[in-house]
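> Enclosed is the structure file model32.cif (mmCIF, C-alpha atoms and all ligand atoms).
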```cif
data_input
loop_
_atom_site.label_atom_id
_atom_site.label_comp_id
_atom_site.auth_asym_id
_atom_site.auth_seq_id
_atom_site.Cartn_x
_atom_site.Cartn_y
_atom_site.Cartn_z
CA MET A 5 7.44 -5.32 -29.66
CA VAL A 6 10.39 -3.34 -28.33
CA ILE A 7 9.73 0.30 -27.79
CA GLN A 8 12.34 2.88 -28.71
CA SER A 9 12.75 5.24 -25.83
CA ILE A 10 14.58 8.12 -27.51
CA GLY A 11 18.06 7.25 -26.40
CA ARG A 12 17.17 6.58 -22.78
CA LEU A 13 17.54 3.35 -20.88
CA GLU A 14 15.16 0.80 -22.28
CA TYR A 15 14.17 -1.14 -19.22
CA ILE A 16 10.49 -0.62 -19.93
CA ARG A 17 9.11 -2.78 -22.69
CA GLY A 18 5.57 -1.38 -22.79
CA LEU A 19 2.09 -2.09 -21.52
CA LYS A 20 0.28 -5.40 -21.78
CA CYS A 21 -3.37 -6.24 -21.31
CA ARG A 22 -3.84 -8.55 -18.35
CA GLU A 23 -6.83 -10.19 -20.06
CA CYS A 24 -6.08 -10.63 -23.79
CA GLY A 25 -2.32 -10.05 -23.80
CA ARG A 26 -2.36 -7.27 -26.40
CA GLU A 27 0.72 -5.06 -26.10
CA TYR A 28 0.93 -1.28 -26.32
CA PRO A 29 3.72 1.29 -26.24
CA PRO A 30 4.22 2.91 -22.81
CA THR A 31 1.96 5.92 -23.33
CA LYS A 32 -0.88 7.41 -21.30
CA ILE A 33 -3.30 4.61 -22.25
CA TYR A 34 -4.79 2.74 -19.29
CA THR A 35 -7.33 0.22 -20.57
CA CYS A 36 -7.11 -2.25 -23.43
CA GLU A 37 -8.70 -1.01 -26.65
CA GLU A 38 -9.70 -4.56 -27.54
CA CYS A 39 -11.28 -5.84 -24.35
CA PHE A 40 -11.19 -2.97 -21.80
CA GLY A 41 -8.93 -5.10 -19.58
CA PRO A 42 -6.39 -3.44 -17.23
CA LEU A 43 -2.88 -2.81 -18.56
CA ASP A 44 0.33 -3.74 -16.77
CA VAL A 45 3.82 -2.36 -17.34
CA THR A 46 6.23 -4.91 -18.82
CA TYR A 47 10.03 -4.74 -18.66
CA ASN A 48 12.92 -5.96 -20.79
CA TYR A 49 14.20 -8.24 -18.04
CA ASP A 50 17.10 -9.42 -20.20
CA SER A 51 18.53 -5.90 -20.31
CA ILE A 52 18.29 -5.48 -16.52
CA GLU A 53 21.54 -6.46 -14.91
CA LEU A 54 21.13 -6.40 -11.16
CA ASP A 55 22.77 -8.39 -8.43
CA ARG A 56 22.72 -7.96 -4.67
CA LYS A 57 25.83 -5.79 -4.76
CA SER A 58 24.18 -3.34 -7.19
CA PHE A 59 22.16 -1.91 -4.31
CA GLU A 60 24.96 -1.24 -1.83
CA LYS A 61 25.43 2.45 -2.60
CA ARG A 62 21.96 3.35 -3.73
CA PRO A 63 19.56 5.80 -2.06
CA LYS A 64 17.40 4.39 0.72
CA THR A 65 14.15 5.12 -1.08
CA VAL A 66 12.01 3.24 -3.59
CA TRP A 67 14.28 4.66 -6.32
CA ARG A 68 17.03 2.19 -5.40
CA TYR A 69 15.01 -0.17 -7.64
CA PHE A 70 15.01 2.26 -10.58
CA GLU A 71 15.35 -0.40 -13.27
CA LEU A 72 12.14 -2.04 -12.06
CA LEU A 73 10.09 1.16 -11.93
CA PRO A 74 8.40 2.63 -15.01
CA VAL A 75 10.17 6.00 -15.21
CA GLN A 76 12.73 6.27 -17.99
CA ASN A 77 14.28 9.66 -17.34
CA LYS A 78 16.06 9.85 -13.98
CA ARG A 79 15.92 13.65 -14.07
CA LYS A 80 12.12 13.51 -13.77
CA ILE A 81 12.16 11.64 -10.47
CA VAL A 82 10.29 13.41 -7.66
CA ASP A 83 11.69 11.91 -4.48
CA LEU A 84 10.52 12.91 -0.99
CA GLY A 85 12.18 9.82 0.47
CA ALA A 86 9.34 7.32 0.14
CA GLY A 87 10.15 3.72 0.90
CA TYR A 88 12.97 1.71 2.43
CA THR A 89 10.97 1.85 5.63
CA ILE A 90 12.05 -0.22 8.59
CA LEU A 91 11.30 -3.94 8.73
CA HIS A 92 10.54 -3.94 12.44
CA LYS A 93 11.33 -7.18 14.28
CA CYS A 94 8.51 -7.83 16.71
CA ASP A 95 9.77 -9.74 19.74
CA ARG A 96 7.03 -8.80 22.19
CA LEU A 97 4.13 -9.13 19.76
CA ALA A 98 5.56 -12.44 18.51
CA GLU A 99 5.53 -13.70 22.09
CA VAL A 100 1.88 -12.70 22.54
CA PHE A 101 0.94 -14.65 19.39
CA GLY A 102 3.29 -17.58 20.05
CA LEU A 103 5.30 -16.95 16.89
CA ARG A 104 9.07 -17.20 16.53
CA ARG A 105 9.74 -14.74 13.72
CA LEU A 106 7.38 -11.83 13.19
CA TYR A 107 8.08 -8.54 11.44
CA ILE A 108 6.04 -5.41 10.77
CA LYS A 109 6.79 -3.63 7.51
CA ASN A 110 6.30 -0.20 9.00
CA ASP A 111 5.00 2.17 6.32
CA THR A 112 3.64 4.61 8.91
CA VAL A 113 6.96 6.47 8.61
CA ASN A 114 6.77 7.42 4.94
CA PRO A 115 6.91 11.16 4.04
CA THR A 116 3.13 11.61 4.21
CA TYR A 117 2.71 8.72 6.67
CA SER A 118 1.29 6.00 4.43
CA PHE A 119 2.41 3.50 1.79
CA LYS A 120 0.68 5.64 -0.86
CA ASP A 121 3.89 7.67 -1.12
CA ARG A 122 5.32 4.70 -3.05
CA PRO A 123 2.85 4.79 -5.96
CA ALA A 124 2.59 8.61 -5.72
CA THR A 125 6.33 9.19 -6.21
CA VAL A 126 6.23 6.97 -9.30
CA ALA A 127 3.01 8.52 -10.66
CA VAL A 128 4.05 12.16 -10.22
CA SER A 129 7.48 11.42 -11.76
CA LYS A 130 5.76 9.71 -14.69
CA ALA A 131 3.39 12.67 -15.05
CA LEU A 132 6.43 14.95 -15.36
CA GLU A 133 7.88 12.62 -17.96
CA PHE A 134 4.59 12.86 -19.87
CA ARG A 135 4.80 16.67 -19.52
CA ALA A 136 1.40 16.76 -17.81
CA LYS A 137 0.11 20.23 -16.94
CA ALA A 138 -1.22 19.06 -13.59
CA VAL A 139 -1.71 15.95 -11.49
CA GLY A 140 -4.64 14.86 -9.39
CA CYS A 141 -6.70 12.07 -7.96
CA ALA A 142 -10.21 11.29 -6.86
CA SER A 143 -9.58 10.38 -3.24
CA THR A 144 -10.06 11.77 0.24
CA GLY A 145 -7.44 10.00 2.19
CA ASN A 146 -3.88 8.81 2.00
CA LEU A 147 -3.62 9.02 -1.78
CA ALA A 148 -4.68 12.68 -1.91
CA ALA A 149 -2.03 13.61 0.66
CA ALA A 150 0.72 11.62 -1.05
CA THR A 151 -0.06 13.01 -4.51
CA ALA A 152 -0.33 16.58 -3.25
CA ALA A 153 3.00 16.42 -1.40
CA HIS A 154 4.91 15.06 -4.39
CA ALA A 155 3.27 17.62 -6.68
CA ALA A 156 4.28 20.37 -4.24
CA LYS A 157 7.93 19.25 -4.44
CA VAL A 158 8.02 20.10 -8.17
CA GLY A 159 5.48 22.92 -8.19
CA LEU A 160 2.95 21.02 -10.27
CA PRO A 161 -0.72 21.94 -9.68
CA CYS A 162 -2.65 19.15 -7.95
CA TYR A 163 -6.44 18.73 -8.16
CA VAL A 164 -8.23 16.50 -5.69
CA PHE A 165 -11.80 15.57 -6.59
CA ILE A 166 -14.07 14.62 -3.68
CA PRO A 167 -17.80 14.24 -3.10
CA ALA A 168 -19.10 17.53 -1.62
CA ASN A 169 -20.45 15.89 1.54
CA ILE A 170 -17.00 14.84 2.84
CA GLU A 171 -15.88 16.51 6.09
CA LEU A 172 -13.06 19.04 5.72
CA ASN A 173 -10.74 17.27 8.16
CA LYS A 174 -10.41 14.40 5.68
CA ILE A 175 -8.64 16.64 3.18
CA LEU A 176 -6.63 18.73 5.64
CA GLN A 177 -3.32 17.10 4.73
CA ALA A 178 -3.78 17.40 0.94
CA THR A 179 -4.89 21.01 1.31
CA ILE A 180 -1.90 22.00 3.39
CA TYR A 181 0.41 20.63 0.66
CA GLY A 182 -1.30 23.06 -1.71
CA ALA A 183 -3.78 20.82 -3.53
CA ARG A 184 -6.89 22.48 -4.93
CA ILE A 185 -9.90 20.60 -3.64
CA VAL A 186 -12.78 20.24 -6.08
CA ALA A 187 -15.92 19.24 -4.18
CA VAL A 188 -18.39 17.64 -6.58
CA ASN A 189 -22.11 17.64 -5.81
CA GLY A 190 -22.63 13.90 -6.09
CA THR A 191 -21.23 10.54 -5.01
CA TYR A 192 -17.74 9.11 -5.12
CA ASP A 193 -18.55 7.58 -8.49
CA ASP A 194 -19.58 11.00 -9.81
CA ALA A 195 -16.32 12.55 -8.58
CA ASN A 196 -14.37 9.72 -10.19
CA ARG A 197 -16.18 10.01 -13.49
CA LEU A 198 -15.62 13.77 -13.65
CA ALA A 199 -11.93 13.27 -12.83
CA ALA A 200 -11.63 10.79 -15.71
CA GLN A 201 -13.27 13.32 -18.07
CA ALA A 202 -11.00 16.11 -16.83
CA SER A 203 -7.90 13.97 -17.35
CA GLU A 204 -8.74 13.74 -21.06
CA ALA A 205 -10.04 17.28 -21.53
CA TYR A 206 -7.09 19.14 -19.96
CA ASP A 207 -4.09 16.81 -20.23
CA TRP A 208 -3.97 16.29 -16.47
CA SER A 209 -2.47 13.12 -15.05
CA PHE A 210 -4.82 11.57 -12.54
CA VAL A 211 -2.55 9.19 -10.72
CA ASN A 212 -5.05 6.39 -10.11
CA ILE A 213 -6.96 6.89 -13.37
CA ASN A 214 -5.12 7.67 -16.60
CA ILE A 215 -1.62 6.80 -15.40
CA ARG A 216 -2.76 3.95 -13.18
CA PRO A 217 -0.61 1.24 -14.84
CA TYR A 218 2.52 3.21 -13.84
CA TYR A 219 1.16 4.32 -10.48
CA VAL A 220 0.53 0.78 -9.18
CA GLU A 221 4.14 -0.23 -9.90
CA GLY A 222 5.35 1.86 -6.95
CA SER A 223 3.71 -0.48 -4.44
CA LYS A 224 5.73 -3.54 -5.44
CA THR A 225 8.80 -1.96 -3.82
CA LEU A 226 7.34 -3.22 -0.53
CA ALA A 227 8.17 -6.76 -1.69
CA PHE A 228 11.66 -5.78 -2.87
CA GLU A 229 12.49 -4.15 0.46
CA ILE A 230 11.13 -7.04 2.52
CA CYS A 231 13.38 -9.48 0.62
CA GLU A 232 16.41 -7.24 0.87
CA GLN A 233 15.85 -6.58 4.58
CA LEU A 234 15.48 -10.30 5.30
CA GLY A 235 18.92 -10.91 3.81
CA TRP A 236 17.72 -11.49 0.24
CA GLN A 237 15.02 -13.98 1.07
CA ALA A 238 11.28 -13.91 0.74
CA PRO A 239 9.42 -14.62 3.99
CA ASP A 240 7.16 -17.65 4.54
CA HIS A 241 4.05 -15.52 4.87
CA VAL A 242 3.01 -11.92 4.13
CA ILE A 243 -0.26 -10.35 5.29
CA VAL A 244 -1.51 -7.44 3.20
CA PRO A 245 -4.61 -5.24 3.64
CA MET A 246 -6.97 -5.22 0.68
CA ALA A 247 -9.09 -2.34 -0.64
CA SER A 248 -9.14 -2.65 -4.45
CA GLY A 249 -6.75 -5.60 -4.19
CA ALA A 250 -4.09 -3.73 -6.19
CA LEU A 251 -1.58 -3.56 -3.34
CA LEU A 252 -1.63 -7.32 -2.80
CA CYS A 253 -1.21 -7.93 -6.54
CA ALA A 254 1.70 -5.48 -6.68
CA ILE A 255 3.50 -7.13 -3.75
CA TRP A 256 3.04 -10.56 -5.30
CA ARG A 257 4.39 -9.24 -8.61
CA GLY A 258 7.38 -7.77 -6.76
CA PHE A 259 8.33 -11.12 -5.23
CA LYS A 260 8.06 -12.79 -8.63
CA GLU A 261 10.23 -10.15 -10.28
CA PHE A 262 12.97 -10.60 -7.68
CA GLN A 263 12.83 -14.34 -8.26
CA ARG A 264 12.98 -13.87 -12.02
CA LEU A 265 16.10 -11.70 -11.65
CA ASN A 266 17.66 -14.30 -9.31
CA LEU A 267 17.83 -11.75 -6.48
CA ILE A 268 16.06 -14.33 -4.30
CA SER A 269 16.42 -18.05 -4.81
CA ASP A 270 13.08 -19.57 -3.90
CA LEU A 271 9.66 -18.15 -3.59
CA LYS A 272 7.55 -20.17 -1.18
CA THR A 273 5.77 -17.16 0.25
CA ARG A 274 2.08 -17.47 1.10
CA ILE A 275 0.32 -14.15 0.56
CA THR A 276 -2.74 -13.47 2.69
CA GLY A 277 -5.30 -10.73 2.09
CA ALA A 278 -6.92 -8.96 5.06
CA GLN A 279 -10.20 -7.00 5.03
CA PRO A 280 -12.56 -5.46 7.57
CA SER A 281 -15.75 -7.52 7.93
CA GLY A 282 -17.82 -4.40 7.17
CA CYS A 283 -16.37 -4.40 3.65
CA SER A 284 -14.91 -7.78 2.72
CA PRO A 285 -15.95 -8.61 -0.84
CA ILE A 286 -12.63 -10.32 -1.68
CA THR A 287 -12.36 -12.43 1.47
CA ASN A 288 -16.05 -13.37 1.10
CA ALA A 289 -15.28 -14.76 -2.36
CA TYR A 290 -12.25 -16.58 -0.95
CA LYS A 291 -14.39 -18.21 1.71
CA ASP A 292 -17.13 -19.08 -0.78
CA ASN A 293 -14.46 -20.74 -2.89
CA THR A 294 -15.31 -18.68 -5.96
CA PHE A 295 -13.66 -16.03 -8.15
CA ASP A 296 -16.93 -14.14 -8.39
CA VAL A 297 -16.35 -11.04 -6.21
CA LYS A 298 -19.78 -9.73 -5.24
CA PRO A 299 -19.80 -5.96 -4.59
CA ILE A 300 -20.73 -4.65 -1.13
CA GLU A 301 -23.29 -1.88 -1.59
CA HIS A 302 -22.93 -0.09 1.72
CA PRO A 303 -19.48 -0.58 3.26
CA SER A 304 -19.49 0.03 7.00
CA THR A 305 -16.13 -0.08 8.75
CA ILE A 306 -13.77 2.11 10.74
CA ALA A 307 -11.06 1.12 8.21
CA LYS A 308 -12.14 3.82 5.76
CA SER A 309 -9.11 3.37 3.51
CA LEU A 310 -10.26 -0.22 2.85
CA ALA A 311 -13.93 0.61 2.22
CA ILE A 312 -14.04 -0.16 -1.51
CA GLY A 313 -17.25 -2.09 -2.12
CA ASP A 314 -16.49 -3.07 -5.72
CA PRO A 315 -12.75 -3.88 -5.83
CA GLY A 316 -11.26 -3.51 -9.31
CA ASP A 317 -8.45 -6.00 -8.70
CA GLY A 318 -10.44 -8.42 -6.54
CA PHE A 319 -10.26 -11.27 -9.04
CA TYR A 320 -6.52 -10.90 -9.48
CA ALA A 321 -5.92 -10.63 -5.74
CA LEU A 322 -7.84 -13.90 -5.23
CA ASN A 323 -5.72 -15.48 -7.90
CA ALA A 324 -2.49 -14.46 -6.12
CA ILE A 325 -3.81 -15.64 -2.74
CA ARG A 326 -4.80 -19.05 -4.12
CA GLU A 327 -1.68 -19.46 -6.27
CA SER A 328 0.53 -18.82 -3.24
CA GLY A 329 -1.45 -20.95 -0.78
CA GLY A 330 -2.43 -17.90 1.27
CA VAL A 331 -5.73 -17.11 2.93
CA GLY A 332 -8.43 -14.42 2.74
CA GLU A 333 -9.68 -13.36 6.18
CA SER A 334 -11.69 -10.54 7.70
CA VAL A 335 -12.03 -9.01 11.18
CA THR A 336 -14.56 -6.82 13.02
CA ASP A 337 -14.11 -3.18 14.01
CA ILE A 338 -13.54 -4.19 17.64
CA GLU A 339 -10.86 -6.67 16.64
CA ILE A 340 -9.24 -3.91 14.55
CA LEU A 341 -9.23 -1.41 17.44
CA ASN A 342 -7.84 -4.02 19.84
CA ALA A 343 -5.10 -4.87 17.36
CA ILE A 344 -4.15 -1.19 16.94
CA GLN A 345 -3.72 -0.92 20.71
CA LEU A 346 -1.89 -4.23 21.04
CA LEU A 347 0.59 -3.29 18.30
CA ALA A 348 1.16 0.14 19.83
CA LYS A 349 1.60 -1.23 23.37
CA THR A 350 3.92 -4.08 22.48
CA GLU A 351 5.99 -2.62 19.67
CA GLY A 352 5.67 1.17 19.74
CA ILE A 353 3.99 1.41 16.33
CA PHE A 354 0.79 3.44 15.94
CA ALA A 355 -1.16 2.08 12.97
CA GLU A 356 -4.23 3.40 11.17
CA PRO A 357 -7.21 1.00 11.10
CA ALA A 358 -5.98 -0.68 7.87
CA GLY A 359 -2.83 -1.66 9.80
CA GLY A 360 -4.99 -2.89 12.65
CA VAL A 361 -6.75 -5.10 10.12
CA THR A 362 -3.57 -6.98 9.18
CA VAL A 363 -2.49 -7.47 12.80
CA ALA A 364 -5.99 -8.63 13.80
CA VAL A 365 -6.07 -11.06 10.86
CA LEU A 366 -2.68 -12.40 11.94
CA LYS A 367 -4.04 -13.01 15.45
CA LYS A 368 -7.10 -14.77 14.05
CA LEU A 369 -5.10 -16.99 11.69
CA VAL A 370 -2.72 -18.05 14.46
CA GLU A 371 -5.73 -18.94 16.64
CA LEU A 372 -7.31 -20.89 13.77
CA GLY A 373 -4.07 -22.79 13.21
CA GLU A 374 -3.71 -21.39 9.69
CA ILE A 375 -0.32 -19.91 10.61
CA SER A 376 2.10 -22.19 12.41
CA PRO A 377 4.51 -20.98 15.12
CA ASP A 378 7.46 -21.74 12.85
CA GLU A 379 6.40 -19.54 9.96
CA GLU A 380 8.31 -16.34 9.37
CA VAL A 381 5.55 -13.74 9.03
CA VAL A 382 5.64 -10.16 7.72
CA CYS A 383 2.58 -8.01 8.43
CA CYS A 384 2.18 -4.86 6.32
CA VAL A 385 1.19 -1.79 8.33
CA THR A 386 0.36 0.71 5.64
CA GLY A 387 -0.50 3.98 7.38
CA ASN A 388 -0.14 6.07 10.51
CA GLY A 389 -2.72 6.04 13.30
CA PHE A 390 -2.84 9.84 13.49
CA LYS A 391 -4.69 9.73 10.18
CA ALA A 392 -7.67 8.21 11.98
CA ALA A 393 -7.18 9.79 15.41
CA GLU A 394 -10.88 10.62 15.84
CA THR A 395 -11.95 7.05 15.24
CA ILE A 396 -9.45 5.68 17.72
CA LEU A 397 -9.90 8.39 20.37
CA ASP A 398 -13.21 6.96 21.58
CA HIS A 399 -11.57 3.63 22.39
CA ILE A 400 -8.61 4.59 24.54
CA PRO A 401 -8.65 4.48 28.38
CA GLU A 402 -9.50 7.69 30.27
CA PRO A 403 -6.64 9.47 32.09
CA PHE A 404 -6.34 9.19 35.90
CA VAL A 405 -7.50 12.46 37.44
CA ILE A 406 -5.91 13.12 40.84
CA GLU A 407 -5.02 16.02 43.18
CA PRO A 408 -1.52 17.49 42.78
CA ASN A 409 0.01 15.63 45.74
CA LEU A 410 1.74 12.31 46.44
CA GLU A 411 -1.12 11.15 48.67
CA SER A 412 -3.52 11.12 45.75
CA LEU A 413 -0.94 9.34 43.62
CA GLU A 414 -0.33 6.78 46.41
CA LYS A 415 -4.03 6.09 46.51
CA ILE A 416 -4.29 5.00 42.88
CA ILE A 417 -1.06 3.02 43.19
CA ARG A 418 -2.48 1.16 46.24
CA GLN A 419 -5.71 0.48 44.39
CA GLY A 420 -3.61 -1.16 41.71
CA ASP A 421 -4.95 1.19 39.04
CA ILE A 422 -1.42 2.00 38.08
CA LYS A 423 1.53 -0.09 39.15
CA ASN A 424 4.56 1.13 41.08
CA GLU A 425 7.27 -0.95 39.44
ZN ZN J 1 -7.22 -6.74 -23.77
#
```
Any chance you could put this one into structure tokens?
Ligand SMILES: [Zn+2]


Amino acid sequence: MVIQSIGRLEYIRGLKCRECGREYPPTKIYTCEECFGPLDVTYNYDSIELDRKSFEKRPKTVWRYFELLPVQNKRKIVDLGAGYTILHKCDRLAEVFGLRRLYIKNDTVNPTYSFKDRPATVAVSKALEFRAKAVGCASTGNLAAATAAHAAKVGLPCYVFIPANIELNKILQATIYGARIVAVNGTYDDANRLAAQASEAYDWSFVNINIRPYYVEGSKTLAFEICEQLGWQAPDHVIVPMASGALLCAIWRGFKEFQRLNLISDLKTRITGAQPSGCSPITNAYKDNTFDVKPIEHPSTIAKSLAIGDPGDGFYALNAIRESGGVGESVTDIEILNAIQLLAKTEGIFAEPAGGVTVAVLKKLVELGEISPDEEVVCCVTGNGFKAAETILDHIPEPFVIEPNLESLEKIIRQGDIKNE
């Protein structure tokens, strides 16, 4: 089925059910009418002519990969500059871990300081293409901020649905970008359900609900950039944090697309999923050698952005991990906090707890011998530490308090508390 796209570029083929394979035109549908399976965007790969040179003069944002993103009308693109973040070569951290080639994909420097700007730029652009009257999401954290900022750029109203018992500081960033916060008396599930109803009742595009198939495509640009930044090669190993599992699936899909288009020659990448041990339904299933992802009823972790007890893409993430020969691993809150500090002290990157999770999992896998010193490893750090400042503040060393004279300073230097080097 080839979809006519009213005279525009026809890179998008349509939507396809991941379960039964039924195809649909690229409309606002988001679950399969036959089997309720999730829908994925498909592309007319034969009409996409890209080689490495194609990218030389393109913008340094996710939109350099326009043909592989599900927006047909370039004039609808809402671009705050998300993506093409630095692939940071970690010499000091590599030395600590005994690795030769280690990189951090540093998504702390996106416009709203997390990787969620990638799917948000795609989703808000797609919402404009669909002529939505408003956008929104049911989220408190990174997604709310990213959606609100992109909506602000085009003056589209943005509605953020949250449970009423959430503290105000969690939605500070979204509010400042002009989002209207709707606090629902109920749980997260209640807020989500109401958002889904509102999306149908008022023709609003909720980025992670009724335009989710398009939204998730933005995240695969992480894989494209990693390949391009490594000189058009996929790395040996990528470590990705998992909440719903959608990010890991998107990155895996990105590597496969680049291989399919011959932009990289081989794909031998192992993809590893990282979770906090207070909410690790996917890594638990990995370790139990099953595909049956058992929900966690009461997630308890400092990595709030990963605290999804019943991960929608858990099964598919496990599939990608196993297919690639990767690993599922989890780490404790203390390991996460230590990793945040280690990354900051050795490389100058301040990660939110989800980023601490990937670095802590890397450390654990090196210690367990699951990652060899020769592997080229990329660790995804998906958000900025300032987002979780309160959580981290309790775990940093106290300042030295001294009198305002050299004698007092000398004293702490002599004691070896601080070094005079
Ligand atoms: Zn289906």

> With 6 Å as the cut-off and all atoms listed in the file counted, what is the closest atom pair between each nearby residue of chain A and ligand ZN 1 (chain J)? Distances in Å to one decimal, ordered by chain and number, as a tab-separated table.


```
residue	atom	partner	partner_atom	distance
A:Cys21	CA	J:ZN1	ZN	4.6
A:Glu23	CA	J:ZN1	ZN	5.1
A:Cys24	CA	J:ZN1	ZN	4.1
A:Gly25	CA	J:ZN1	ZN	5.9
A:Arg26	CA	J:ZN1	ZN	5.6
A:Cys36	CA	J:ZN1	ZN	4.5
A:Glu38	CA	J:ZN1	ZN	5.0
A:Cys39	CA	J:ZN1	ZN	4.2
A:Phe40	CA	J:ZN1	ZN	5.8
A:Gly41	CA	J:ZN1	ZN	4.8
```

> Which neighbours of region 192-209 of chain A fall inside 12 Å, counting all atoms listed in the file, when residues of the same chain fewer than 3 positions from it are skipped, and could you give them as JSON, numbers by chain?

{"A": [31, 32, 33, 34, 124, 127, 128, 129, 130, 131, 132, 133, 134, 135, 136, 137, 138, 139, 140, 141, 142, 143, 144, 151, 155, 160, 161, 162, 163, 164, 165, 166, 167, 168, 169, 170, 185, 186, 187, 188, 189, 212, 213, 214, 215, 216, 218, 219, 311, 312, 313, 314]}

> How would the residues just picked look written out with C-alpha atoms as a compact mmCIF listing (two decimals), in the coordinates of the input?


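Everything below was put into out_37.txt:
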```txt
# COMPACT_ATOMS: atom_id res chain seq x y z
CA THR A 31 1.96 5.92 -23.33
CA LYS A 32 -0.88 7.41 -21.30
CA ILE A 33 -3.30 4.61 -22.25
CA TYR A 34 -4.79 2.74 -19.29
CA ALA A 124 2.59 8.61 -5.72
CA ALA A 127 3.01 8.52 -10.66
CA VAL A 128 4.05 12.16 -10.22
CA SER A 129 7.48 11.42 -11.76
CA LYS A 130 5.76 9.71 -14.69
CA ALA A 131 3.39 12.67 -15.05
CA LEU A 132 6.43 14.95 -15.36
CA GLU A 133 7.88 12.62 -17.96
CA PHE A 134 4.59 12.86 -19.87
CA ARG A 135 4.80 16.67 -19.52
CA ALA A 136 1.40 16.76 -17.81
CA LYS A 137 0.11 20.23 -16.94
CA ALA A 138 -1.22 19.06 -13.59
CA VAL A 139 -1.71 15.95 -11.49
CA GLY A 140 -4.64 14.86 -9.39
CA CYS A 141 -6.70 12.07 -7.96
CA ALA A 142 -10.21 11.29 -6.86
CA SER A 143 -9.58 10.38 -3.24
CA THR A 144 -10.06 11.77 0.24
CA THR A 151 -0.06 13.01 -4.51
CA ALA A 155 3.27 17.62 -6.68
CA LEU A 160 2.95 21.02 -10.27
CA PRO A 161 -0.72 21.94 -9.68
CA CYS A 162 -2.65 19.15 -7.95
CA TYR A 163 -6.44 18.73 -8.16
CA VAL A 164 -8.23 16.50 -5.69
CA PHE A 165 -11.80 15.57 -6.59
CA ILE A 166 -14.07 14.62 -3.68
CA PRO A 167 -17.80 14.24 -3.10
CA ALA A 168 -19.10 17.53 -1.62
CA ASN A 169 -20.45 15.89 1.54
CA ILE A 170 -17.00 14.84 2.84
CA ILE A 185 -9.90 20.60 -3.64
CA VAL A 186 -12.78 20.24 -6.08
CA ALA A 187 -15.92 19.24 -4.18
CA VAL A 188 -18.39 17.64 -6.58
CA ASN A 189 -22.11 17.64 -5.81
CA ASN A 212 -5.05 6.39 -10.11
CA ILE A 213 -6.96 6.89 -13.37
CA ASN A 214 -5.12 7.67 -16.60
CA ILE A 215 -1.62 6.80 -15.40
CA ARG A 216 -2.76 3.95 -13.18
CA TYR A 218 2.52 3.21 -13.84
CA TYR A 219 1.16 4.32 -10.48
CA ALA A 311 -13.93 0.61 2.22
CA ILE A 312 -14.04 -0.16 -1.51
CA GLY A 313 -17.25 -2.09 -2.12
CA ASP A 314 -16.49 -3.07 -5.72
```

> Near region 330-347 of chain A, counting all atoms listed in the file, which residues have an atom at most 9 Å away, once you skip same-chain residues fewer than 2 positions from it, shown as a CSV table (one decimal) with C-alpha atoms, keeping the file's coordinate frame?


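Result file follows (part_11.csv):
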```csv
chain,number,residue,atom,x,y,z
A,97,LEU,CA,4.1,-9.1,19.8
A,241,HIS,CA,4.0,-15.5,4.9
A,242,VAL,CA,3.0,-11.9,4.1
A,243,ILE,CA,-0.3,-10.4,5.3
A,273,THR,CA,5.8,-17.2,0.2
A,274,ARG,CA,2.1,-17.5,1.1
A,275,ILE,CA,0.3,-14.2,0.6
A,276,THR,CA,-2.7,-13.5,2.7
A,277,GLY,CA,-5.3,-10.7,2.1
A,278,ALA,CA,-6.9,-9.0,5.1
A,279,GLN,CA,-10.2,-7.0,5.0
A,280,PRO,CA,-12.6,-5.5,7.6
A,281,SER,CA,-15.8,-7.5,7.9
A,282,GLY,CA,-17.8,-4.4,7.2
A,283,CYS,CA,-16.4,-4.4,3.6
A,284,SER,CA,-14.9,-7.8,2.7
A,286,ILE,CA,-12.6,-10.3,-1.7
A,287,THR,CA,-12.4,-12.4,1.5
A,288,ASN,CA,-16.0,-13.4,1.1
A,289,ALA,CA,-15.3,-14.8,-2.4
A,290,TYR,CA,-12.2,-16.6,-1.0
A,291,LYS,CA,-14.4,-18.2,1.7
A,305,THR,CA,-16.1,-0.1,8.8
A,306,ILE,CA,-13.8,2.1,10.7
A,307,ALA,CA,-11.1,1.1,8.2
A,322,LEU,CA,-7.8,-13.9,-5.2
A,324,ALA,CA,-2.5,-14.5,-6.1
A,325,ILE,CA,-3.8,-15.6,-2.7
A,326,ARG,CA,-4.8,-19.0,-4.1
A,327,GLU,CA,-1.7,-19.5,-6.3
A,328,SER,CA,0.5,-18.8,-3.2
A,349,LYS,CA,1.6,-1.2,23.4
A,350,THR,CA,3.9,-4.1,22.5
A,351,GLU,CA,6.0,-2.6,19.7
A,352,GLY,CA,5.7,1.2,19.7
A,353,ILE,CA,4.0,1.4,16.3
A,354,PHE,CA,0.8,3.4,15.9
A,355,ALA,CA,-1.2,2.1,13.0
A,356,GLU,CA,-4.2,3.4,11.2
A,357,PRO,CA,-7.2,1.0,11.1
A,358,ALA,CA,-6.0,-0.7,7.9
A,359,GLY,CA,-2.8,-1.7,9.8
A,360,GLY,CA,-5.0,-2.9,12.6
A,361,VAL,CA,-6.8,-5.1,10.1
A,362,THR,CA,-3.6,-7.0,9.2
A,363,VAL,CA,-2.5,-7.5,12.8
A,364,ALA,CA,-6.0,-8.6,13.8
A,365,VAL,CA,-6.1,-11.1,10.9
A,367,LYS,CA,-4.0,-13.0,15.4
A,368,LYS,CA,-7.1,-14.8,14.0
A,369,LEU,CA,-5.1,-17.0,11.7
A,374,GLU,CA,-3.7,-21.4,9.7
A,389,GLY,CA,-2.7,6.0,13.3
A,396,ILE,CA,-9.4,5.7,17.7
A,399,HIS,CA,-11.6,3.6,22.4
A,400,ILE,CA,-8.6,4.6,24.5
```
